[in-house]
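Text of coords.csv, listed as CSV, C-alpha atoms:
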chain,number,residue,atom,x,y,z
A,1,MET,CA,-62.0,-37.4,-9.2
A,2,LYS,CA,-59.7,-40.4,-9.3
A,3,LYS,CA,-57.3,-38.6,-11.6
A,4,THR,CA,-57.0,-35.7,-9.3
A,5,ILE,CA,-56.2,-38.0,-6.4
A,6,ILE,CA,-53.6,-39.7,-8.5
A,7,TYR,CA,-52.0,-36.4,-9.4
A,8,ILE,CA,-51.9,-35.4,-5.8
A,9,ILE,CA,-50.2,-38.7,-4.8
A,10,VAL,CA,-47.6,-38.3,-7.5
A,11,ALA,CA,-46.8,-34.7,-6.6
A,12,LEU,CA,-46.4,-35.7,-2.9
A,13,ALA,CA,-44.1,-38.6,-3.9
A,14,LEU,CA,-41.9,-36.3,-6.0
A,15,ILE,CA,-41.7,-33.8,-3.1
A,16,ALA,CA,-40.7,-36.6,-0.7
A,17,ILE,CA,-38.1,-37.9,-3.1
A,18,THR,CA,-36.6,-34.4,-3.5
A,19,VAL,CA,-36.5,-33.7,0.2
A,20,PHE,CA,-34.8,-37.0,0.8
A,21,GLN,CA,-32.2,-36.4,-1.9
A,22,LEU,CA,-31.4,-32.9,-0.6
A,23,LYS,CA,-31.0,-34.2,3.0
A,24,LYS,CA,-28.7,-36.9,1.7
A,25,ASN,CA,-26.6,-34.4,-0.3
A,26,LYS,CA,-26.3,-32.2,2.8
A,27,GLU,CA,-25.1,-35.1,5.0
A,28,THR,CA,-22.6,-36.0,2.3
A,29,THR,CA,-21.2,-32.5,2.1
A,30,VAL,CA,-21.0,-32.1,5.9
A,31,SER,CA,-19.1,-35.4,6.1
A,32,ARG,CA,-16.5,-34.2,3.5
A,33,VAL,CA,-15.9,-30.8,5.0
A,34,TYR,CA,-13.3,-30.6,7.8
A,35,GLN,CA,-14.7,-29.4,11.0
A,36,TYR,CA,-12.1,-27.8,13.1
A,37,ASP,CA,-12.4,-28.5,16.8
A,38,LYS,CA,-11.2,-25.5,18.8
A,39,GLU,CA,-11.0,-27.5,22.0
A,40,GLN,CA,-8.5,-29.9,20.4
A,41,ALA,CA,-5.0,-29.4,21.7
A,42,ILE,CA,-2.5,-28.0,19.1
A,43,HIS,CA,1.0,-29.5,19.0
A,44,VAL,CA,3.7,-26.8,19.3
A,45,GLN,CA,7.4,-26.4,20.1
A,46,ALA,CA,8.4,-24.2,22.9
A,47,ILE,CA,11.5,-23.1,25.0
A,48,THR,CA,12.0,-22.0,28.6
A,49,LEU,CA,13.6,-18.6,28.7
A,50,LYS,CA,16.9,-18.1,30.5
A,51,LEU,CA,19.0,-14.9,31.0
A,52,GLU,CA,21.8,-14.7,28.5
A,53,SER,CA,24.8,-12.4,28.0
A,54,ALA,CA,24.2,-9.9,25.2
A,55,GLU,CA,26.7,-9.9,22.4
A,56,ASN,CA,29.5,-7.4,22.9
A,57,ASP,CA,29.4,-6.0,19.4
A,58,ILE,CA,26.2,-4.4,18.2
A,59,SER,CA,25.7,-3.8,14.5
A,60,TYR,CA,23.2,-1.6,12.7
A,61,THR,CA,22.5,-2.0,9.0
A,62,GLY,CA,22.0,1.0,6.7
A,63,THR,CA,22.4,2.4,3.2
A,64,PHE,CA,25.0,4.6,1.6
A,65,GLU,CA,23.7,7.6,-0.3
A,66,PRO,CA,25.5,10.3,-2.3
A,67,ASN,CA,26.5,13.5,-0.6
A,68,LYS,CA,25.3,15.5,-3.6
A,69,GLU,CA,23.2,14.5,-6.5
A,70,THR,CA,21.3,16.7,-9.0
A,71,ARG,CA,19.6,16.6,-12.4
A,72,ILE,CA,20.8,19.4,-14.7
A,73,SER,CA,18.6,21.3,-17.0
A,74,ALA,CA,19.1,24.4,-19.2
A,75,ASP,CA,18.4,27.9,-18.1
A,76,ILE,CA,17.2,29.0,-21.6
A,77,GLN,CA,15.5,27.3,-24.4
A,78,GLY,CA,17.4,26.0,-27.4
A,79,LYS,CA,18.3,23.1,-29.7
A,80,ILE,CA,21.0,20.8,-28.4
A,81,ASN,CA,24.0,20.8,-30.7
A,82,SER,CA,26.1,18.3,-28.7
A,83,VAL,CA,26.2,16.3,-25.5
A,84,LEU,CA,29.9,16.3,-24.5
A,85,VAL,CA,29.7,13.5,-21.8
A,86,ASP,CA,28.1,10.1,-21.5
A,87,ALA,CA,26.7,8.0,-18.6
A,88,GLY,CA,29.7,7.0,-16.4
A,89,SER,CA,31.9,10.0,-17.3
A,90,VAL,CA,33.8,11.6,-14.5
A,91,VAL,CA,33.4,15.4,-14.7
A,92,ARG,CA,35.0,18.3,-12.9
A,93,LYS,CA,33.2,21.4,-11.5
A,94,GLY,CA,32.8,23.9,-14.4
A,95,GLN,CA,33.4,21.4,-17.2
A,96,ALA,CA,31.2,21.8,-20.3
A,97,LEU,CA,28.5,19.1,-20.5
A,98,VAL,CA,26.0,20.2,-23.1
A,99,GLN,CA,26.2,22.8,-25.9
A,100,LEU,CA,23.0,24.5,-27.2
A,101,ASP,CA,22.7,26.2,-30.5
A,102,ASN,CA,23.7,29.9,-30.1
A,103,SER,CA,24.1,31.0,-33.7
A,104,LEU,CA,21.1,33.5,-33.6
A,105,LEU,CA,22.3,35.0,-30.3
A,106,LYS,CA,25.8,35.6,-31.8
A,107,LEU,CA,24.2,37.4,-34.8
A,108,GLN,CA,22.2,39.5,-32.3
A,109,LEU,CA,25.4,40.3,-30.4
A,110,GLN,CA,27.1,41.5,-33.6
A,111,THR,CA,24.1,43.8,-34.4
A,112,VAL,CA,24.3,45.3,-30.9
A,113,GLU,CA,28.1,45.7,-31.1
A,114,ILE,CA,27.6,47.7,-34.3
A,115,GLN,CA,25.0,49.9,-32.7
A,116,THR,CA,27.2,50.4,-29.7
A,117,GLU,CA,30.2,51.5,-31.9
A,118,GLY,CA,27.9,54.0,-33.8
A,119,LEU,CA,26.5,55.4,-30.5
A,120,GLU,CA,30.0,55.8,-29.0
A,121,ALA,CA,31.1,57.8,-32.1
A,122,ASP,CA,27.9,59.9,-31.9
A,123,VAL,CA,28.6,60.7,-28.2
A,124,LYS,CA,32.1,61.9,-29.0
A,125,ARG,CA,30.9,64.0,-31.8
A,126,TYR,CA,28.0,65.5,-29.9
A,127,THR,CA,30.2,66.2,-26.9
A,128,VAL,CA,32.4,68.4,-29.1
A,129,LEU,CA,29.4,70.2,-30.7
A,130,ALA,CA,27.7,70.7,-27.3
A,131,ASN,CA,30.8,72.3,-25.9
A,132,ALA,CA,30.8,74.7,-28.8
A,133,ASP,CA,27.1,75.4,-28.3
A,134,ALA,CA,26.5,74.0,-31.8
A,135,ILE,CA,23.8,71.6,-30.7
A,136,GLN,CA,21.4,71.4,-27.7
A,137,GLY,CA,22.6,69.5,-24.7
A,138,VAL,CA,19.5,67.3,-24.7
A,139,GLN,CA,20.5,65.6,-27.9
A,140,LEU,CA,23.8,64.6,-26.3
A,141,GLU,CA,21.9,63.2,-23.2
A,142,LYS,CA,19.6,61.1,-25.4
A,143,THR,CA,22.6,59.7,-27.3
A,144,GLU,CA,24.4,58.8,-24.0
A,145,LEU,CA,21.2,57.1,-22.7
A,146,ALA,CA,20.9,55.1,-25.9
A,147,LEU,CA,24.5,54.0,-25.6
A,148,LYS,CA,23.9,52.8,-22.0
A,149,SER,CA,20.9,50.8,-23.2
A,150,ALA,CA,22.9,49.2,-26.0
A,151,LYS,CA,25.6,48.2,-23.5
A,152,VAL,CA,23.0,46.6,-21.2
A,153,GLN,CA,21.6,44.7,-24.2
A,154,LYS,CA,25.0,43.6,-25.2
A,155,ALA,CA,25.7,42.2,-21.7
A,156,THR,CA,22.3,40.5,-21.7
A,157,ILE,CA,23.0,38.7,-25.0
A,158,LYS,CA,26.5,37.7,-23.8
A,159,GLU,CA,25.0,36.2,-20.7
A,160,GLN,CA,22.5,34.2,-22.8
A,161,ILE,CA,25.3,33.0,-25.0
A,162,ASN,CA,27.2,31.8,-21.9
A,163,LYS,CA,24.2,29.9,-20.7
A,164,THR,CA,24.1,27.9,-24.0
A,165,THR,CA,27.1,26.1,-22.6
A,166,ILE,CA,25.8,24.0,-19.7
A,167,THR,CA,28.5,23.2,-17.1
A,168,ALA,CA,28.9,20.8,-14.1
A,169,PRO,CA,27.9,22.5,-10.8
A,170,PHE,CA,30.2,20.2,-8.9
A,171,SER,CA,32.7,17.4,-9.6
A,172,GLY,CA,31.2,13.9,-9.8
A,173,ILE,CA,30.0,11.1,-12.1
A,174,VAL,CA,27.3,11.3,-14.8
A,175,THR,CA,24.8,8.7,-13.6
A,176,ALA,CA,22.1,9.3,-16.1
A,177,LYS,CA,22.0,10.7,-19.7
A,178,LEU,CA,18.5,11.9,-20.4
A,179,THR,CA,18.9,13.6,-23.8
A,180,GLU,CA,20.7,13.4,-27.1
A,181,GLU,CA,21.9,15.7,-29.8
A,182,GLY,CA,19.1,17.3,-31.8
A,183,ALA,CA,16.7,17.3,-28.8
A,184,TYR,CA,15.1,20.5,-27.5
A,185,ALA,CA,16.2,21.9,-24.1
A,186,ALA,CA,14.0,24.1,-21.9
A,187,PRO,CA,14.1,25.2,-18.3
A,188,GLY,CA,12.9,22.4,-16.0
A,189,ILE,CA,13.6,19.5,-18.4
A,190,PRO,CA,16.4,17.3,-17.0
A,191,LEU,CA,19.3,16.6,-19.4
A,192,LEU,CA,21.8,14.8,-17.2
A,193,GLN,CA,22.2,13.6,-13.7
A,194,ILE,CA,25.4,14.1,-11.8
A,195,THR,CA,26.3,12.2,-8.6
A,196,ASP,CA,29.1,13.0,-6.2
A,197,ILE,CA,30.2,10.0,-4.2
A,198,SER,CA,33.6,11.3,-3.1
A,199,SER,CA,31.8,11.7,0.2
A,200,LEU,CA,28.7,9.8,1.2
A,201,LYS,CA,25.8,9.8,3.7
A,202,PHE,CA,25.1,6.6,5.6
A,203,THR,CA,21.7,6.2,7.4
A,204,VAL,CA,20.6,3.6,10.0
A,205,ASN,CA,17.4,3.3,12.0
A,206,VAL,CA,17.9,3.0,15.7
A,207,PRO,CA,15.4,1.9,18.4
A,208,GLU,CA,14.6,4.7,20.9
A,209,GLN,CA,16.2,2.8,23.8
A,210,GLU,CA,19.6,2.8,22.0
A,211,LEU,CA,19.5,6.3,20.5
A,212,SER,CA,21.7,7.6,23.4
A,213,GLN,CA,24.6,5.6,22.1
A,214,PHE,CA,25.0,8.0,19.2
A,215,GLU,CA,26.4,11.5,19.7
A,216,THR,CA,26.5,14.3,17.1
A,217,ASN,CA,30.0,15.0,15.6
A,218,GLN,CA,31.4,11.7,17.1
A,219,GLN,CA,33.3,9.2,14.9
A,220,TYR,CA,32.1,5.6,14.5
A,221,THR,CA,33.5,2.6,12.5
A,222,LEU,CA,31.6,1.6,9.4
A,223,SER,CA,31.9,-1.0,6.7
A,224,SER,CA,30.2,-2.0,3.5
A,225,ASP,CA,28.7,-5.4,2.8
A,226,ALA,CA,30.4,-5.5,-0.6
A,227,TYR,CA,33.9,-4.7,0.9
A,228,PRO,CA,33.8,-5.8,4.5
A,229,GLU,CA,37.6,-5.6,4.7
A,230,THR,CA,37.5,-1.8,4.0
A,231,VAL,CA,37.2,0.1,7.3
A,232,LEU,CA,35.5,3.5,7.0
A,233,SER,CA,35.0,6.3,9.5
A,234,GLY,CA,31.7,8.1,9.8
A,235,LYS,CA,30.8,11.2,11.8
A,236,VAL,CA,27.2,11.6,13.1
A,237,ILE,CA,25.6,14.6,11.4
A,238,LEU,CA,22.0,14.0,12.1
A,239,THR,CA,19.8,12.3,14.7
A,240,GLY,CA,16.1,12.1,13.7
A,241,SER,CA,13.6,14.0,15.7
A,242,LYS,CA,10.6,11.9,14.5
A,243,ALA,CA,10.2,8.1,14.7
A,244,ASN,CA,9.3,6.0,11.6
A,245,MET,CA,6.6,3.3,11.4
A,246,GLY,CA,8.8,0.9,13.3
A,247,ASN,CA,9.3,3.3,16.3
A,248,SER,CA,13.0,3.7,15.2
A,249,PHE,CA,14.9,7.0,14.6
A,250,PRO,CA,17.2,7.7,11.7
A,251,VAL,CA,20.8,8.4,12.5
A,252,GLN,CA,22.9,9.8,9.6
A,253,PHE,CA,26.7,9.7,9.2
A,254,SER,CA,29.0,11.7,6.9
A,255,VAL,CA,31.6,9.3,5.3
A,256,ASN,CA,34.6,10.0,3.1
A,257,ASN,CA,34.8,7.4,0.3
A,258,THR,CA,37.9,5.5,-0.6
A,259,ALA,CA,40.4,7.1,-3.0
A,260,ASP,CA,39.2,4.7,-5.8
A,261,LEU,CA,35.5,5.4,-5.0
A,262,LYS,CA,34.8,1.7,-4.1
A,263,ILE,CA,31.6,2.5,-2.2
A,264,LYS,CA,28.7,3.2,-4.5
A,265,SER,CA,25.4,4.9,-3.8
A,266,GLY,CA,22.8,2.4,-2.7
A,267,MET,CA,25.2,-0.1,-1.2
A,268,PHE,CA,24.4,-1.7,2.2
A,269,GLY,CA,26.7,-1.3,5.1
A,270,ASN,CA,27.0,-1.6,8.9
A,271,VAL,CA,28.0,0.6,11.8
A,272,GLU,CA,29.7,-1.3,14.7
A,273,LEU,CA,29.3,-0.4,18.3
A,274,LYS,CA,31.5,-1.9,21.1
A,275,ASN,CA,29.6,-3.0,24.2
A,276,ASP,CA,31.8,-4.1,27.0
A,277,GLY,CA,29.0,-4.8,29.5
A,278,GLU,CA,28.2,-8.2,30.8
A,279,GLU,CA,24.5,-7.6,31.3
A,280,LYS,CA,22.2,-10.6,31.4
A,281,VAL,CA,19.1,-10.1,29.2
A,282,ILE,CA,16.2,-12.1,27.7
A,283,ILE,CA,17.0,-13.2,24.1
A,284,ILE,CA,14.5,-15.1,22.0
A,285,PRO,CA,14.4,-16.5,18.4
A,286,ALA,CA,13.1,-13.9,15.9
A,287,SER,CA,10.9,-16.6,14.5
A,288,ALA,CA,8.9,-16.7,17.8
A,289,ILE,CA,7.6,-13.2,17.2
A,290,VAL,CA,4.2,-12.6,15.8
A,291,GLY,CA,2.2,-9.4,15.5
A,292,THR,CA,3.6,-6.3,13.8
A,293,ASN,CA,6.8,-4.2,13.9
A,294,ILE,CA,4.9,-1.6,15.8
A,295,GLN,CA,3.5,-4.1,18.4
A,296,PRO,CA,5.5,-7.4,18.4
A,297,GLN,CA,3.9,-10.3,20.3
A,298,ILE,CA,4.7,-13.8,21.4
A,299,TYR,CA,2.7,-16.8,22.6
A,300,LEU,CA,3.3,-17.8,26.2
A,301,VAL,CA,2.3,-21.3,27.5
A,302,LYS,CA,0.4,-21.1,30.7
A,303,ASN,CA,-1.7,-24.0,32.1
A,304,ASP,CA,-1.5,-25.8,28.8
A,305,LYS,CA,-3.0,-22.8,27.0
A,306,ALA,CA,-1.4,-20.3,24.5
A,307,ILE,CA,-1.6,-16.8,25.8
A,308,LEU,CA,-0.8,-13.9,23.4
A,309,GLN,CA,1.6,-11.5,25.1
A,310,ASN,CA,2.8,-8.0,24.0
A,311,ILE,CA,6.6,-7.4,24.2
A,312,THR,CA,9.1,-4.6,23.5
A,313,THR,CA,12.2,-5.5,21.6
A,314,SER,CA,15.5,-3.7,21.3
A,315,THR,CA,18.6,-5.1,19.7
A,316,ARG,CA,18.5,-7.7,16.9
A,317,PHE,CA,21.3,-10.3,16.7
A,318,GLN,CA,21.1,-12.0,13.3
A,319,ASN,CA,18.2,-14.4,13.9
A,320,LYS,CA,17.7,-13.5,17.6
A,321,VAL,CA,16.1,-10.5,19.3
A,322,GLN,CA,16.7,-9.0,22.7
A,323,VAL,CA,13.5,-8.3,24.6
A,324,SER,CA,13.5,-5.3,26.9
A,325,SER,CA,10.0,-5.8,28.5
A,326,GLY,CA,7.1,-8.3,28.5
A,327,LEU,CA,9.0,-11.5,29.4
A,328,THR,CA,10.9,-12.8,32.4
A,329,GLU,CA,13.2,-15.7,33.1
A,330,GLY,CA,11.4,-19.0,33.3
A,331,ASP,CA,8.6,-18.0,30.9
A,332,VAL,CA,7.7,-20.7,28.3
A,333,ILE,CA,7.2,-19.3,24.8
A,334,ILE,CA,6.1,-21.0,21.6
A,335,THR,CA,8.7,-21.1,18.8
A,336,ASN,CA,7.0,-23.3,16.2
A,337,GLY,CA,3.5,-24.7,15.4
A,338,PHE,CA,1.6,-21.5,14.8
A,339,ILE,CA,-0.9,-23.0,12.3
A,340,ASN,CA,-4.4,-22.6,13.7
A,341,LEU,CA,-2.9,-21.2,16.9
A,342,PHE,CA,-5.0,-18.5,18.6
A,343,ASP,CA,-5.1,-16.7,21.9
A,344,GLY,CA,-6.5,-19.1,24.5
A,345,ALA,CA,-5.9,-22.3,22.4
A,346,ASN,CA,-5.2,-25.6,24.2
A,347,VAL,CA,-1.6,-26.7,23.4
A,348,THR,CA,0.7,-29.6,24.0
A,349,ILE,CA,4.4,-29.2,23.8
A,350,SER,CA,6.2,-31.6,21.5
A,351,LYS,CA,9.3,-33.2,22.9

Please rewrite the model in this file as structure tokens.
Amino acid sequence: MKKTIIYIIVALALIAITVFQLKKNKETTVSRVYQYDKEQAIHVQAITLKLESAENDISYTGTFEPNKETRISADIQGKINSVLVDAGSVVRKGQALVQLDNSLLKLQLQTVEIQTEGLEADVKRYTVLANADAIQGVQLEKTELALKSAKVQKATIKEQINKTTITAPFSGIVTAKLTEEGAYAAPGIPLLQITDISSLKFTVNVPEQELSQFETNQQYTLSSDAYPETVLSGKVILTGSKANMGNSFPVQFSVNNTADLKIKSGMFGNVELKNDGEEKVIIIPASAIVGTNIQPQIYLVKNDKAILQNITTSTRFQNKVQVSSGLTEGDVIITNGFINLFDGANVTISK
């Protein structure tokens, strides 16, 4: 009986020690974990908005693309005997690019030509005999039909031989060589890529509020980032009918390249618009914008609280953005100190 009581006492003591240790560990963990106080004021930087004059020159960034680009493949199957150009080669329309093996086709052509000669001789002979009623007219007709069939076969083989020489569909530059001598060509398998950059397409994305500034067939001044001193003229050939994810519309220009083809496909450039107006607008730092491109937002400061506000933006000026709606003169917006900031947070403005 005494042993049982001792066991019970020991067990209770171990349980008490375990509970005490667990409680102590919990208190230690809680003391080490940072407990964020949502009521604590967050230090931020802010500015008071004033109406400013918009910049006169508006610039839109875009990308130059080739006017024509294609990957060339063979119309018929065959072994490649020679590739007559290399990547970077300048080619003219109709120039031979790839030569396929056509030795068997030439032998077939010789066979058909011999058959044709024999049938032509038969037609002449049977014509004389038919006029003399020496043979039946049906024999002459069959021979004439055989001659016509041989001529069609001859023309078909000649066309196949012509297709063993693959030519350039337009003038341009070979921008990719995708095969070598000894490879096998087949319809649908690309052999070369040709790019025409003598004329280019230039595409920019324009906010819907500014789309009216671009008119089809009108000329605009363009430049490339790589050669800013080179002035180009672009004609609007396309205005997009559907907005992209950023609620902007593509506007495409047709541009004649320089004589030495300075502007390459994939280069960045700008289209410049002159704006002579002196309109006063709200302009904010781009770094103040939070949210997404679809729905930009900023934090207003009202009664020492951060209030999340939806805005609509229009023109971007380097590191600044023009706001078309959502803000007014005198509003105080947060420009820095967004860590832990949330809608309704208490804030203090750093001096």

Requested in this report: Considering only C-alpha atoms, return as a ChimeraX atom specification whatever protein or nucleic-acid residues lie within 10 Å of Val251 (chain A), sequence-local ones (same chain, fewer than 6 positions apart) excluded.
Outcome: /A:62,202-206,211,214-216,236-241

Using only C-alpha atoms, the shortest atom-to-atom distance to Asp260 (chain A) among A:Ser198, A:Leu12, A:Gly344, A:Asn319 belongs to A:Ser198

Using all atoms listed in the file, the shortest atom-to-atom distance to Gly266 (chain A) among A:Glu159, A:Glu65, A:Asp196, A:Glu52 belongs to A:Glu65

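In this model, the gap between CA of Ser171 (chain A) and CA of Leu105 (chain A) comes to 29.1 Å.
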
Checklist entry - Can you list, as a PyMOL selection string, every protein, DNA or RNA residue that comes within 12 Å of Ala168 (chain A) when you count all atoms listed in the file, leaving out same-chain residues fewer than 3 positions away? => result chain A and resi 69-74+84-85+89-98+165+171-174+191-196

Fewer than 5 positions away in the same chain doesn't count, so skip those; otherwise give me all residues within 9 Å of region 227-229 of chain A, counting all atoms listed in the file, as a PDB file with C-alpha atoms, in the coordinates of the input.
ATOM      1  CA  LYS A 262      34.800   1.700  -4.100  1.00  0.00           C
ATOM      2  CA  ILE A 263      31.600   2.500  -2.200  1.00  0.00           C
ATOM      3  CA  GLY A 269      26.700  -1.300   5.100  1.00  0.00           C
TER       4      GLY A 269
END

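The residue that comes closest to Pro296 (chain A), out of A:Glu210, A:Ile339, A:Gly246, A:Lys264 and on the basis of all atoms listed in the file, is A:Gly246.
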
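Every protein or nucleic acid residue with an atom no more than 12 Å from Thr127 (chain A), counting all atoms listed in the file and leaving out same-chain residues fewer than 6 positions away, appears here: Leu119, Glu120, Ala121, Asp133, Ala134, Ile135, Gln136, Gly137, Val138, Gln139, Leu140, Glu141, Lys142, Thr143 and Glu144 of chain A.
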
Output of the above residues as a compact mmCIF listing (two decimals), keeping the file's coordinate frame, restricted to C-alpha atoms:
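result08.txt, written as the output of this step:
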# COMPACT_ATOMS: atom_id res chain seq x y z
CA LEU A 119 26.50 55.40 -30.50
CA GLU A 120 30.00 55.80 -29.00
CA ALA A 121 31.10 57.80 -32.10
CA ASP A 133 27.10 75.40 -28.30
CA ALA A 134 26.50 74.00 -31.80
CA ILE A 135 23.80 71.60 -30.70
CA GLN A 136 21.40 71.40 -27.70
CA GLY A 137 22.60 69.50 -24.70
CA VAL A 138 19.50 67.30 -24.70
CA GLN A 139 20.50 65.60 -27.90
CA LEU A 140 23.80 64.60 -26.30
CA GLU A 141 21.90 63.20 -23.20
CA LYS A 142 19.60 61.10 -25.40
CA THR A 143 22.60 59.70 -27.30
CA GLU A 144 24.40 58.80 -24.00

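With distances restricted to all atoms listed in the file, A:Ile311 is the closest residue to Ile282 (chain A) from A:Ile311, A:Val255, A:Val112, A:Ala155.
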
Across A:Ile9, A:Leu261, A:Leu308, A:Val332, the smallest distance to Pro66 (chain A), with only C-alpha atoms counted, is shown by A:Leu261
